[in-house]
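One file, entry-v6.cif, carrying mmCIF, C-alpha atoms and all ligand atoms:
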```cif
data_entry
loop_
_atom_site.label_atom_id
_atom_site.label_comp_id
_atom_site.auth_asym_id
_atom_site.auth_seq_id
_atom_site.Cartn_x
_atom_site.Cartn_y
_atom_site.Cartn_z
CA MET F 273 -10.87 56.33 7.96
CA THR F 274 -11.49 53.58 10.45
CA GLN F 275 -14.99 53.44 11.87
CA PHE F 276 -15.33 52.28 15.46
CA THR F 277 -18.68 50.64 15.32
CA GLU F 278 -18.05 47.95 17.89
CA LYS F 279 -20.00 48.48 21.11
CA ILE F 280 -17.92 48.55 24.27
CA PRO F 281 -19.25 45.66 26.35
CA GLN F 282 -20.87 46.90 29.54
CA THR F 283 -20.39 44.73 32.59
CA LEU F 284 -23.76 43.90 33.98
CA PRO F 285 -24.23 43.47 37.73
CA ASP F 286 -23.84 39.87 38.89
CA ILE F 287 -27.23 38.49 39.97
CA LYS F 288 -25.50 36.56 42.75
CA THR F 289 -24.56 39.79 44.53
CA PHE F 290 -28.23 40.57 45.25
CA ASN F 291 -30.18 39.27 48.20
CA LYS F 292 -33.82 38.29 48.19
CA GLU F 293 -35.21 41.68 49.24
CA GLU F 294 -33.18 43.53 46.62
CA LEU F 295 -34.18 41.15 43.84
CA THR F 296 -37.83 41.30 44.86
CA ARG F 297 -37.72 45.09 44.70
CA TRP F 298 -36.15 44.94 41.24
CA PHE F 299 -38.76 42.44 40.03
CA GLU F 300 -41.59 44.58 41.37
CA GLU F 301 -40.21 47.64 39.61
CA LYS F 302 -40.35 45.66 36.37
CA GLY F 303 -43.92 44.55 37.08
CA ILE F 304 -42.99 40.93 37.82
CA GLN F 305 -44.73 39.17 40.72
CA ALA F 306 -42.67 38.92 43.91
CA TYR F 307 -42.90 35.10 44.10
CA ARG F 308 -40.74 34.92 40.98
CA THR F 309 -37.76 35.94 43.16
CA SER F 310 -37.83 32.64 45.05
CA GLN F 311 -38.26 30.83 41.77
CA VAL F 312 -35.17 32.46 40.24
CA MET F 313 -33.13 32.02 43.42
CA ARG F 314 -34.00 28.33 43.60
CA TRP F 315 -32.66 27.88 40.08
CA ILE F 316 -29.44 29.63 41.04
CA TYR F 317 -28.77 28.13 44.47
CA LEU F 318 -30.73 24.88 44.70
CA LYS F 319 -30.60 23.62 41.15
CA GLN F 320 -27.35 25.45 40.48
CA VAL F 321 -27.98 26.20 36.83
CA GLU F 322 -25.36 28.11 34.87
CA SER F 323 -27.46 30.54 32.84
CA PHE F 324 -30.83 32.26 32.75
CA ASP F 325 -31.77 30.13 29.73
CA ASP F 326 -31.79 27.06 31.97
CA MET F 327 -34.63 28.53 34.07
CA THR F 328 -37.24 26.68 32.08
CA ASP F 329 -40.32 27.60 34.09
CA LEU F 330 -39.77 31.32 33.48
CA SER F 331 -41.31 32.90 30.41
CA ILE F 332 -38.95 33.62 27.54
CA LYS F 333 -39.66 37.31 28.07
CA ASN F 334 -38.54 37.17 31.70
CA ARG F 335 -35.46 35.13 30.87
CA GLN F 336 -34.55 37.73 28.30
CA LEU F 337 -35.10 40.56 30.77
CA LEU F 338 -32.76 38.89 33.24
CA THR F 339 -30.12 38.21 30.57
CA GLU F 340 -30.21 41.84 29.50
CA ASN F 341 -29.83 43.15 33.04
CA PHE F 342 -27.63 40.73 34.96
CA SER F 343 -24.50 38.68 34.51
CA PHE F 344 -24.20 35.23 36.00
CA SER F 345 -20.84 34.57 37.64
CA MET F 346 -19.09 31.22 38.02
CA LEU F 347 -15.60 30.40 39.30
CA GLU F 348 -12.94 29.07 36.96
CA THR F 349 -11.39 25.92 38.39
CA ARG F 350 -7.65 26.10 37.72
CA GLN F 351 -6.52 23.06 39.69
CA VAL F 352 -7.85 20.35 42.01
CA GLU F 353 -5.28 18.56 44.14
CA SER F 354 -6.12 15.43 46.11
CA SER F 355 -4.43 14.55 49.36
CA THR F 356 -3.67 11.01 50.48
CA ASP F 357 -6.11 11.58 53.36
CA GLY F 358 -8.97 12.26 50.93
CA SER F 359 -9.16 16.03 51.18
CA GLN F 360 -9.18 18.09 48.01
CA LYS F 361 -7.82 21.57 47.46
CA TYR F 362 -9.41 23.70 44.76
CA LEU F 363 -7.59 26.59 43.16
CA PHE F 364 -10.17 28.99 41.72
CA GLU F 365 -9.47 31.89 39.42
CA LEU F 366 -11.55 35.03 39.87
CA GLN F 367 -12.58 37.34 37.06
CA ASP F 368 -9.66 39.71 37.72
CA GLY F 369 -7.07 36.92 37.58
CA ASN F 370 -6.61 36.63 41.35
CA THR F 371 -6.90 33.16 42.81
CA ILE F 372 -8.32 31.69 45.98
CA GLU F 373 -8.24 28.27 47.58
CA THR F 374 -11.07 26.17 48.97
CA VAL F 375 -10.63 22.84 50.75
CA LEU F 376 -13.08 19.92 50.83
CA ILE F 377 -12.50 17.74 53.88
CA PRO F 378 -14.01 14.27 54.27
CA GLU F 379 -15.25 13.41 57.77
CA LYS F 380 -16.75 10.10 58.96
CA THR F 381 -20.34 10.91 58.13
CA HIS F 382 -20.18 14.03 55.94
CA TYR F 383 -17.97 16.54 54.16
CA THR F 384 -16.83 19.90 55.50
CA LEU F 385 -15.90 22.73 53.15
CA CYS F 386 -13.35 25.33 54.20
CA ILE F 387 -13.99 28.53 52.25
CA SER F 388 -12.06 31.78 51.76
CA THR F 389 -13.41 35.27 52.39
CA GLN F 390 -10.57 37.45 51.07
CA VAL F 391 -7.71 37.25 48.59
CA GLY F 392 -4.82 37.27 51.06
CA CYS F 393 -5.20 38.79 54.52
CA ALA F 394 -4.14 42.03 56.21
CA MET F 395 -3.91 40.68 59.75
CA GLY F 396 -0.24 39.68 59.55
CA CYS F 397 -0.25 36.63 61.85
CA ARG F 398 3.32 35.42 62.04
CA PHE F 399 2.55 31.71 61.75
CA CYS F 400 0.21 31.95 58.77
CA MET F 401 1.08 31.53 55.12
CA THR F 402 -1.89 33.61 53.92
CA ALA F 403 -0.47 36.62 55.79
CA LYS F 404 2.60 36.66 53.56
CA SER F 405 0.77 38.15 50.58
CA GLY F 406 -0.96 40.86 52.61
CA LEU F 407 -4.53 41.78 51.69
CA ILE F 408 -5.16 41.87 47.97
CA ARG F 409 -8.92 42.37 48.10
CA ASN F 410 -12.20 41.33 49.68
CA LEU F 411 -14.24 38.61 48.01
CA THR F 412 -17.73 39.56 46.86
CA GLN F 413 -20.80 37.81 48.25
CA ALA F 414 -20.99 35.90 44.94
CA GLU F 415 -17.36 34.75 45.07
CA ILE F 416 -17.86 33.40 48.59
CA VAL F 417 -21.06 31.53 47.68
CA ASN F 418 -19.68 30.31 44.32
CA GLN F 419 -16.99 28.29 46.11
CA VAL F 420 -19.75 26.22 47.69
CA ILE F 421 -21.80 25.95 44.50
CA ARG F 422 -18.81 24.76 42.51
CA VAL F 423 -17.69 22.10 44.99
CA LEU F 424 -21.24 20.80 45.54
CA LYS F 425 -21.18 19.63 41.92
CA ASP F 426 -18.34 17.25 42.75
CA VAL F 427 -19.90 15.81 45.91
CA THR F 428 -21.89 12.85 44.76
CA GLY F 429 -22.54 9.59 46.57
CA GLU F 430 -23.90 9.02 50.04
CA LYS F 431 -21.78 11.38 52.07
CA ARG F 432 -23.19 14.90 51.81
CA LEU F 433 -21.56 18.27 52.13
CA THR F 434 -23.29 19.57 55.26
CA ASN F 435 -20.72 21.69 57.08
CA ILE F 436 -19.05 24.94 56.14
CA VAL F 437 -16.18 26.66 57.89
CA LEU F 438 -15.12 30.21 57.04
CA MET F 439 -11.52 29.36 57.84
CA GLY F 440 -9.78 29.58 54.49
CA MET F 441 -7.89 32.61 53.29
CA GLY F 442 -8.77 35.92 54.88
CA GLU F 443 -10.29 37.44 57.99
CA PRO F 444 -14.09 37.15 57.63
CA LEU F 445 -14.88 40.01 59.99
CA ALA F 446 -12.70 42.36 57.93
CA ASN F 447 -15.10 41.73 55.01
CA TYR F 448 -18.17 41.92 57.19
CA GLU F 449 -20.96 42.96 54.86
CA ASN F 450 -20.19 40.51 52.05
CA VAL F 451 -19.64 37.69 54.53
CA ILE F 452 -22.99 38.28 56.25
CA ARG F 453 -24.77 38.47 52.90
CA ALA F 454 -23.10 35.24 51.77
CA ILE F 455 -24.08 33.52 55.04
CA GLY F 456 -27.63 34.73 54.42
CA ILE F 457 -27.69 32.88 51.08
CA LEU F 458 -25.91 29.79 52.44
CA THR F 459 -28.42 29.39 55.28
CA ASP F 460 -31.60 30.55 53.52
CA ASN F 461 -33.95 27.62 53.96
CA ASP F 462 -36.43 28.70 51.34
CA SER F 463 -34.45 29.52 48.24
CA GLY F 464 -30.81 29.62 49.28
CA LEU F 465 -28.38 26.76 49.81
CA GLN F 466 -30.23 25.51 52.91
CA PHE F 467 -27.24 24.85 55.19
CA SER F 468 -28.16 24.65 58.86
CA THR F 469 -26.80 27.60 60.90
CA ARG F 470 -25.58 25.00 63.41
CA ARG F 471 -23.29 23.60 60.73
CA VAL F 472 -21.68 26.84 59.60
CA THR F 473 -18.73 28.25 61.59
CA LEU F 474 -16.98 31.58 61.23
CA SER F 475 -13.41 31.77 62.50
CA THR F 476 -11.91 35.12 63.47
CA SER F 477 -8.61 36.40 64.77
CA GLY F 478 -10.70 38.48 67.17
CA ILE F 479 -12.00 41.72 65.66
CA ILE F 480 -14.26 42.32 68.63
CA SER F 481 -15.74 45.57 67.33
CA ARG F 482 -17.86 43.35 65.04
CA PHE F 483 -19.05 40.87 67.65
CA GLU F 484 -22.23 42.65 68.68
CA ALA F 485 -23.41 42.97 65.09
CA LEU F 486 -22.40 39.40 64.31
CA GLY F 487 -24.42 37.96 67.21
CA ARG F 488 -27.39 39.99 66.04
CA ASP F 489 -27.05 39.33 62.30
CA THR F 490 -26.55 35.56 62.32
CA LYS F 491 -26.86 32.46 64.48
CA ILE F 492 -23.92 30.54 62.98
CA ASN F 493 -21.13 29.21 65.22
CA LEU F 494 -18.20 31.33 66.26
CA ALA F 495 -14.58 30.22 66.51
CA ILE F 496 -11.76 32.37 67.87
CA SER F 497 -8.11 31.96 66.90
CA LEU F 498 -6.64 32.50 70.36
CA ASN F 499 -3.21 30.86 70.12
CA ALA F 500 -1.70 32.31 73.31
CA THR F 501 -2.52 32.98 76.95
CA GLU F 502 -0.37 36.06 77.54
CA ASN F 503 -0.55 39.38 75.75
CA HIS F 504 3.14 39.63 74.88
CA THR F 505 3.08 36.21 73.18
CA ARG F 506 -0.23 36.81 71.43
CA SER F 507 0.85 40.26 70.21
CA MET F 508 4.03 38.74 68.84
CA LEU F 509 2.05 36.05 66.99
CA MET F 510 -1.02 38.09 66.08
CA PRO F 511 -0.70 41.89 65.68
CA VAL F 512 -4.50 42.24 66.15
CA ASN F 513 -3.84 41.62 69.85
CA ARG F 514 -2.26 45.07 70.20
CA LYS F 515 -5.62 46.59 69.38
CA TYR F 516 -7.82 44.04 71.11
CA PRO F 517 -5.85 42.41 73.96
CA ILE F 518 -6.74 39.05 75.47
CA GLU F 519 -8.83 40.35 78.39
CA ASP F 520 -11.00 42.45 76.04
CA LEU F 521 -11.37 39.50 73.68
CA ILE F 522 -12.46 37.15 76.47
CA ASP F 523 -14.84 39.78 77.81
CA ALA F 524 -16.41 40.19 74.33
CA CYS F 525 -16.75 36.39 74.06
CA ALA F 526 -18.43 36.18 77.48
CA ARG F 527 -20.97 38.77 76.33
CA TYR F 528 -21.45 37.21 72.90
CA GLN F 529 -25.07 36.40 72.04
CA LEU F 530 -24.82 32.64 71.56
CA ALA F 531 -27.60 30.41 70.31
CA PRO F 532 -29.00 28.27 73.17
CA ARG F 533 -26.74 25.37 74.22
CA ASN F 534 -24.03 26.59 71.90
CA LYS F 535 -20.37 27.14 72.77
CA ILE F 536 -17.60 29.27 71.29
CA THR F 537 -14.72 27.25 69.86
CA PHE F 538 -11.25 28.47 70.77
CA GLU F 539 -8.57 27.45 68.31
CA TYR F 540 -5.14 27.13 69.81
CA ILE F 541 -2.18 26.39 67.56
CA LEU F 542 0.50 24.63 69.57
CA ILE F 543 3.94 25.98 68.72
CA GLN F 544 7.00 24.41 70.26
CA GLY F 545 8.57 26.54 73.00
CA VAL F 546 6.20 29.46 72.34
CA ASN F 547 2.80 28.58 73.81
CA ASP F 548 2.84 24.84 74.54
CA SER F 549 3.89 24.59 78.20
CA THR F 550 1.69 23.14 80.93
CA ALA F 551 1.71 26.61 82.52
CA ASP F 552 0.05 27.83 79.30
CA ALA F 553 -2.53 25.05 79.55
CA HIS F 554 -3.37 26.08 83.14
CA ARG F 555 -3.59 29.75 82.14
CA LEU F 556 -5.84 28.84 79.21
CA ALA F 557 -8.19 26.89 81.47
CA LYS F 558 -8.45 29.87 83.84
CA LEU F 559 -8.80 32.41 81.06
CA LEU F 560 -11.77 30.66 79.48
CA ARG F 561 -13.76 30.26 82.72
CA PRO F 562 -16.15 33.15 82.00
CA VAL F 563 -17.00 31.78 78.54
CA LYS F 564 -19.03 28.81 77.32
CA ALA F 565 -16.02 27.36 75.56
CA LYS F 566 -14.63 24.32 73.83
CA ILE F 567 -11.09 24.06 72.58
CA ASN F 568 -9.45 22.84 69.39
CA LEU F 569 -5.75 22.19 69.72
CA ILE F 570 -3.99 22.44 66.37
CA PRO F 571 -0.37 21.25 66.26
CA PHE F 572 1.45 23.88 64.19
CA ASN F 573 1.68 23.10 60.47
CA GLU F 574 5.12 23.88 59.23
CA HIS F 575 5.36 25.53 55.83
CA PRO F 576 8.27 26.68 53.67
CA GLY F 577 10.09 29.45 55.47
CA SER F 578 8.13 29.13 58.72
CA GLU F 579 10.20 30.01 61.76
CA PHE F 580 8.14 27.87 64.16
CA LYS F 581 8.11 24.18 64.97
CA ARG F 582 5.40 21.69 65.83
CA PRO F 583 5.68 20.36 69.40
CA ALA F 584 6.32 16.69 70.16
CA GLU F 585 3.17 14.55 70.40
CA SER F 586 3.83 14.05 74.13
CA ALA F 587 3.71 17.83 74.79
CA THR F 588 0.43 18.10 72.87
CA LEU F 589 -1.11 15.25 74.88
CA LYS F 590 0.07 16.78 78.15
CA PHE F 591 -1.48 20.11 77.20
CA GLN F 592 -4.76 18.39 76.38
CA ALA F 593 -4.72 16.41 79.64
CA VAL F 594 -4.59 19.62 81.71
CA LEU F 595 -7.63 20.99 79.87
CA HIS F 596 -9.52 17.72 80.34
CA GLU F 597 -8.67 17.74 84.03
CA LYS F 598 -10.20 21.22 84.25
CA GLY F 599 -13.40 19.98 82.65
CA TYR F 600 -13.01 21.30 79.09
CA THR F 601 -13.74 19.58 75.83
CA ALA F 602 -10.39 19.83 74.07
CA ILE F 603 -9.87 18.08 70.76
CA ILE F 604 -6.54 17.70 68.99
CA ARG F 605 -7.13 18.56 65.35
CA HIS F 606 -4.54 17.19 63.05
CA SER F 607 -5.09 19.24 59.92
CA LYS F 608 -6.00 17.36 56.79
CA GLY F 609 -4.34 17.95 53.45
CA LEU F 610 -0.83 18.56 54.76
CA ASP F 611 0.79 16.94 51.72
CA ILE F 612 -0.93 19.35 49.31
CA SER F 613 -0.53 22.51 51.43
CA ALA F 614 -4.26 22.58 52.08
CA ALA F 615 -3.96 22.49 55.85
CA CYS F 616 -4.75 25.36 58.22
CA GLY F 617 -2.46 28.29 57.58
CA GLN F 618 -0.97 26.91 54.40
CA LEU F 619 -3.27 28.60 51.92
CA SER F 620 -1.73 31.35 49.86
CA ALA F 621 -2.80 33.75 47.15
CA LYS F 622 -1.18 33.44 43.76
CA LYS F 623 -1.93 35.45 40.68
CA ILE F 624 -2.29 33.47 37.52
CA ILE F 625 -0.39 35.03 34.70
CA SER F 626 -1.39 33.57 31.39
N1 LIG F 701 -8.65 34.58 59.62
C1 LIG F 701 -9.44 33.69 60.37
C2 LIG F 701 -9.83 32.45 59.61
C3 LIG F 701 -8.80 31.88 58.71
S1 LIG F 701 -7.29 31.29 59.47
C4 LIG F 701 -8.76 33.33 61.66
O1 LIG F 701 -7.59 33.67 61.84
O2 LIG F 701 -9.40 32.72 62.50
C5 LIG F 701 -7.82 29.67 59.86
C6 LIG F 701 -7.16 28.98 61.04
O3 LIG F 701 -5.87 28.48 60.65
C7 LIG F 701 -6.94 29.86 62.25
O4 LIG F 701 -7.48 29.22 63.38
C8 LIG F 701 -5.44 29.94 62.37
O5 LIG F 701 -5.08 30.10 63.69
C9 LIG F 701 -5.00 28.62 61.74
N2 LIG F 701 -3.63 28.60 61.25
C10 LIG F 701 -3.00 29.56 60.55
N3 LIG F 701 -1.72 29.19 60.28
C11 LIG F 701 -1.55 27.96 60.82
C12 LIG F 701 -0.47 27.04 60.87
N4 LIG F 701 0.69 27.32 60.29
N5 LIG F 701 -0.65 25.86 61.51
C13 LIG F 701 -1.84 25.57 62.07
N6 LIG F 701 -2.90 26.38 62.04
C14 LIG F 701 -2.77 27.57 61.44
FE1 LIG F 702 -5.37 36.21 58.45
FE2 LIG F 702 -6.37 34.20 59.92
FE3 LIG F 702 -3.98 33.96 58.68
FE4 LIG F 702 -4.23 35.59 60.78
S1 LIG F 702 -4.51 33.36 60.79
S2 LIG F 702 -3.18 36.08 58.84
S3 LIG F 702 -6.27 36.40 60.49
S4 LIG F 702 -5.96 34.20 57.70
#
```
Go ahead and render the structure in this file as structure tokens.
Ligand code: SAH
Ligand code: SF4
Amino acid sequence: MTQFTEKIPQTLPDIKTFNKEELTRWFEEKGIQAYRTSQVMRWIYLKQVESFDDMTDLSIKNRQLLTENFSFSMLETRQVESSTDGSQKYLFELQDGNTIETVLIPEKTHYTLCISTQVGCAMGCRFCMTAKSGLIRNLTQAEIVNQVIRVLKDVTGEKRLTNIVLMGMGEPLANYENVIRAIGILTDNDSGLQFSTRRVTLSTSGIISRFEALGRDTKINLAISLNATENHTRSMLMPVNRKYPIEDLIDACARYQLAPRNKITFEYILIQGVNDSTADAHRLAKLLRPVKAKINLIPFNEHPGSEFKRPAESATLKFQAVLHEKGYTAIIRHSKGLDISAACGQLSAKKIIS
């Protein structure tokens, strides 16, 4: 008779899904002094070690205790593609075989990292590649933070990675709790990753039911994917508009608890013949009056199978000129990484089958 003596491996909870308060409580229950929490977190997030054994100023007993009670997650890098403009797209495999994409973008003085918050997205925006797969699942707090940890290892040299945008795959406000917890770690100045809240931006399609909590829970920057000035156009492009129409969205933005001297960024994809007329530009200027706003104009990035077209450069410049005339800061953002499908709206979820 066959004897089944092998122990079924138990999955231990990932230490990176705990915040400082929760870890402190756990430590205290085990009779370990509270200050050890900061010590352990600094190893994880500041020194970015890859196992409990590397935490050399902890006693062997404590290292063992941690090893017996927690796992220590890392992302598997499946592919890194470099664009001719210097940006790099990472394809990461998660423990369940799903994949996500993260894009490192070089700027003049620093790097910006565009991170994902979900595998796929449920919001169904008609112009967006990520929408095609639908929502597969939310990312955990650890999976969001691990994108940053992994890329930081590659950023050497003088230019530092200082800015983070939650603008990759997924709708951050549809994964609210994990996103807020991840932001907490990213901006924790004591034992987290120490990013300045002024250099972290969350972009949303406009789930306004979360705005009040967001303004209360974090001081990071807010960006809104607006993309149209009339409800029928916005509802056609972004189904979320049927639930939260433009006037409600603008009203929620006007009431949003901004950090002093801060503005909300409105992202506006310019699509030929859909939302790029000068009448649209005038409507946009009027619409944003009640809000402390700045505008990013993003010429549409075409992708395989996309039904929309990018407007001519002249139309984009005309649109911008109207906004300037009305006193707005309006920047034309030509997405980086177009040649490697790393640009806005080109990220997609693939499952690795091996
Ligand atoms: N879900 C969030 C954040 C991720 S989408 C949101 O919608 O804001 C990131 C940005 O890419 C959004 O501003 C979106 O409007 C833009 N985007 C999506 N598809 C695009 C495309 N094909 N061309 C240009 N920008 C696009
Ligand atoms: Fe989701 Fe943003 Fe793409 Fe819309 S634009 S489908 S909200 S990722």
Query - Residue neighbourhood range 299-316 of chain F, 8 Å, only C-alpha atoms, exclusion window fewer than 5 positions, as a ChimeraX atom specification - result: /F:292,321-322,327,462-464
Output for the residues just chosen: C-alpha atoms as a short mmCIF file (atom, residue, chain, number, x, y, z; two decimals), keeping the file's coordinate frame:
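File written: result_20.cif
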```cif
data_model
loop_
_atom_site.label_atom_id
_atom_site.label_comp_id
_atom_site.auth_asym_id
_atom_site.auth_seq_id
_atom_site.Cartn_x
_atom_site.Cartn_y
_atom_site.Cartn_z
CA LYS F 292 -33.82 38.29 48.19
CA VAL F 321 -27.98 26.20 36.83
CA GLU F 322 -25.36 28.11 34.87
CA MET F 327 -34.63 28.53 34.07
CA ASP F 462 -36.43 28.70 51.34
CA SER F 463 -34.45 29.52 48.24
CA GLY F 464 -30.81 29.62 49.28
#
```
Requested in this report: Considering only C-alpha atoms, state which residue in the set F:His382, F:Arg409, F:Lys491, F:Lys535 is at the smallest distance from Glu443 in chain F.
Outcome: F:Arg409
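For the set F:Glu340, F:Glu348, F:Glu353, F:Glu430, the residue with the smallest atom-to-atom gap to Thr381 in chain F is F:Glu430, counting all atoms listed in the file.
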Report summary line: Min atom-atom distance to Met439 in chain F from the set F:Arg482, F:Glu373, F:Leu424, F:His504, counting only C-alpha atoms, belongs to F:Glu373
Please provide as a short mmCIF file (atom, residue, chain, number, x, y, z; two decimals) with C-alpha atoms, keeping the file's coordinate frame all residues within 9 Å of Ala524 in chain F, with the sequence filter that same-chain residues fewer than 6 positions apart are discarded (counting all atoms listed in the file).
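Once everything was written out, this is selection32.cif:
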```cif
data_model
loop_
_atom_site.label_atom_id
_atom_site.label_comp_id
_atom_site.auth_asym_id
_atom_site.auth_seq_id
_atom_site.Cartn_x
_atom_site.Cartn_y
_atom_site.Cartn_z
CA ILE F 480 -14.26 42.32 68.63
CA SER F 481 -15.74 45.57 67.33
CA PHE F 483 -19.05 40.87 67.65
CA GLU F 484 -22.23 42.65 68.68
#
```
At most 6 Å is the cut-off: for each residue in chain F with any atom that close to an atom of ligand LIG 702 (chain F), write down the nearest atom pair and the distance in Å rounded to one decimal, counting only C-alpha atoms and all ligand atoms, chain first then increasing number, as a tab-separated table.
```
residue	atom	partner	partner_atom	distance
F:Cys393	CA	F:LIG702	FE1	4.7
F:Met395	CA	F:LIG702	S2	4.7
F:Gly396	CA	F:LIG702	S2	4.7
F:Cys397	CA	F:LIG702	S2	4.2
F:Cys400	CA	F:LIG702	FE3	4.6
F:Thr402	CA	F:LIG702	FE3	5.2
F:Ala403	CA	F:LIG702	S2	4.1
F:Met441	CA	F:LIG702	S4	5.1
F:Gly442	CA	F:LIG702	S4	4.3
F:Glu443	CA	F:LIG702	S3	4.8
F:Ser477	CA	F:LIG702	S3	4.9
F:Gly617	CA	F:LIG702	FE3	6.0
```
Taking all atoms listed in the file and a cut-off of 8 Å, can you tell me which residues surround ligand LIG 701 (chain F), written as a PDB file with C-alpha atoms, in the frame of the given file?
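This is the output file selection-v9.pdb:
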```
ATOM      1  CA  SER F 388     -12.060  31.780  51.760  1.00  0.00           C
ATOM      2  CA  CYS F 393      -5.200  38.790  54.520  1.00  0.00           C
ATOM      3  CA  MET F 395      -3.910  40.680  59.750  1.00  0.00           C
ATOM      4  CA  CYS F 397      -0.250  36.630  61.850  1.00  0.00           C
ATOM      5  CA  PHE F 399       2.550  31.710  61.750  1.00  0.00           C
ATOM      6  CA  CYS F 400       0.210  31.950  58.770  1.00  0.00           C
ATOM      7  CA  MET F 401       1.080  31.530  55.120  1.00  0.00           C
ATOM      8  CA  THR F 402      -1.890  33.610  53.920  1.00  0.00           C
ATOM      9  CA  LEU F 438     -15.120  30.210  57.040  1.00  0.00           C
ATOM     10  CA  MET F 439     -11.520  29.360  57.840  1.00  0.00           C
ATOM     11  CA  GLY F 440      -9.780  29.580  54.490  1.00  0.00           C
ATOM     12  CA  MET F 441      -7.890  32.610  53.290  1.00  0.00           C
ATOM     13  CA  GLY F 442      -8.770  35.920  54.880  1.00  0.00           C
ATOM     14  CA  GLU F 443     -10.290  37.440  57.990  1.00  0.00           C
ATOM     15  CA  PRO F 444     -14.090  37.150  57.630  1.00  0.00           C
ATOM     16  CA  LEU F 474     -16.980  31.580  61.230  1.00  0.00           C
ATOM     17  CA  SER F 475     -13.410  31.770  62.500  1.00  0.00           C
ATOM     18  CA  THR F 476     -11.910  35.120  63.470  1.00  0.00           C
ATOM     19  CA  SER F 477      -8.610  36.400  64.770  1.00  0.00           C
ATOM     20  CA  GLY F 478     -10.700  38.480  67.170  1.00  0.00           C
ATOM     21  CA  ALA F 495     -14.580  30.220  66.510  1.00  0.00           C
ATOM     22  CA  ILE F 496     -11.760  32.370  67.870  1.00  0.00           C
ATOM     23  CA  SER F 497      -8.110  31.960  66.900  1.00  0.00           C
ATOM     24  CA  LEU F 498      -6.640  32.500  70.360  1.00  0.00           C
ATOM     25  CA  ASN F 499      -3.210  30.860  70.120  1.00  0.00           C
ATOM     26  CA  GLU F 539      -8.570  27.450  68.310  1.00  0.00           C
ATOM     27  CA  TYR F 540      -5.140  27.130  69.810  1.00  0.00           C
ATOM     28  CA  ILE F 541      -2.180  26.390  67.560  1.00  0.00           C
ATOM     29  CA  LEU F 542       0.500  24.630  69.570  1.00  0.00           C
ATOM     30  CA  ILE F 570      -3.990  22.440  66.370  1.00  0.00           C
ATOM     31  CA  PRO F 571      -0.370  21.250  66.260  1.00  0.00           C
ATOM     32  CA  PHE F 572       1.450  23.880  64.190  1.00  0.00           C
ATOM     33  CA  ASN F 573       1.680  23.100  60.470  1.00  0.00           C
ATOM     34  CA  GLU F 574       5.120  23.880  59.230  1.00  0.00           C
ATOM     35  CA  HIS F 575       5.360  25.530  55.830  1.00  0.00           C
ATOM     36  CA  SER F 578       8.130  29.130  58.720  1.00  0.00           C
ATOM     37  CA  SER F 607      -5.090  19.240  59.920  1.00  0.00           C
ATOM     38  CA  ALA F 615      -3.960  22.490  55.850  1.00  0.00           C
ATOM     39  CA  CYS F 616      -4.750  25.360  58.220  1.00  0.00           C
ATOM     40  CA  GLY F 617      -2.460  28.290  57.580  1.00  0.00           C
ATOM     41  CA  GLN F 618      -0.970  26.910  54.400  1.00  0.00           C
TER      42      GLN F 618
END
```
Query raised in the report: Using all atoms listed in the file, which residues sit within 9 Å of range 593-601 of chain F once same-chain residues fewer than 2 positions away are excluded, as a VMD selection string?
Result: chain F and resid 550 553 to 554 556 to 558 565 to 568 588 to 591 603
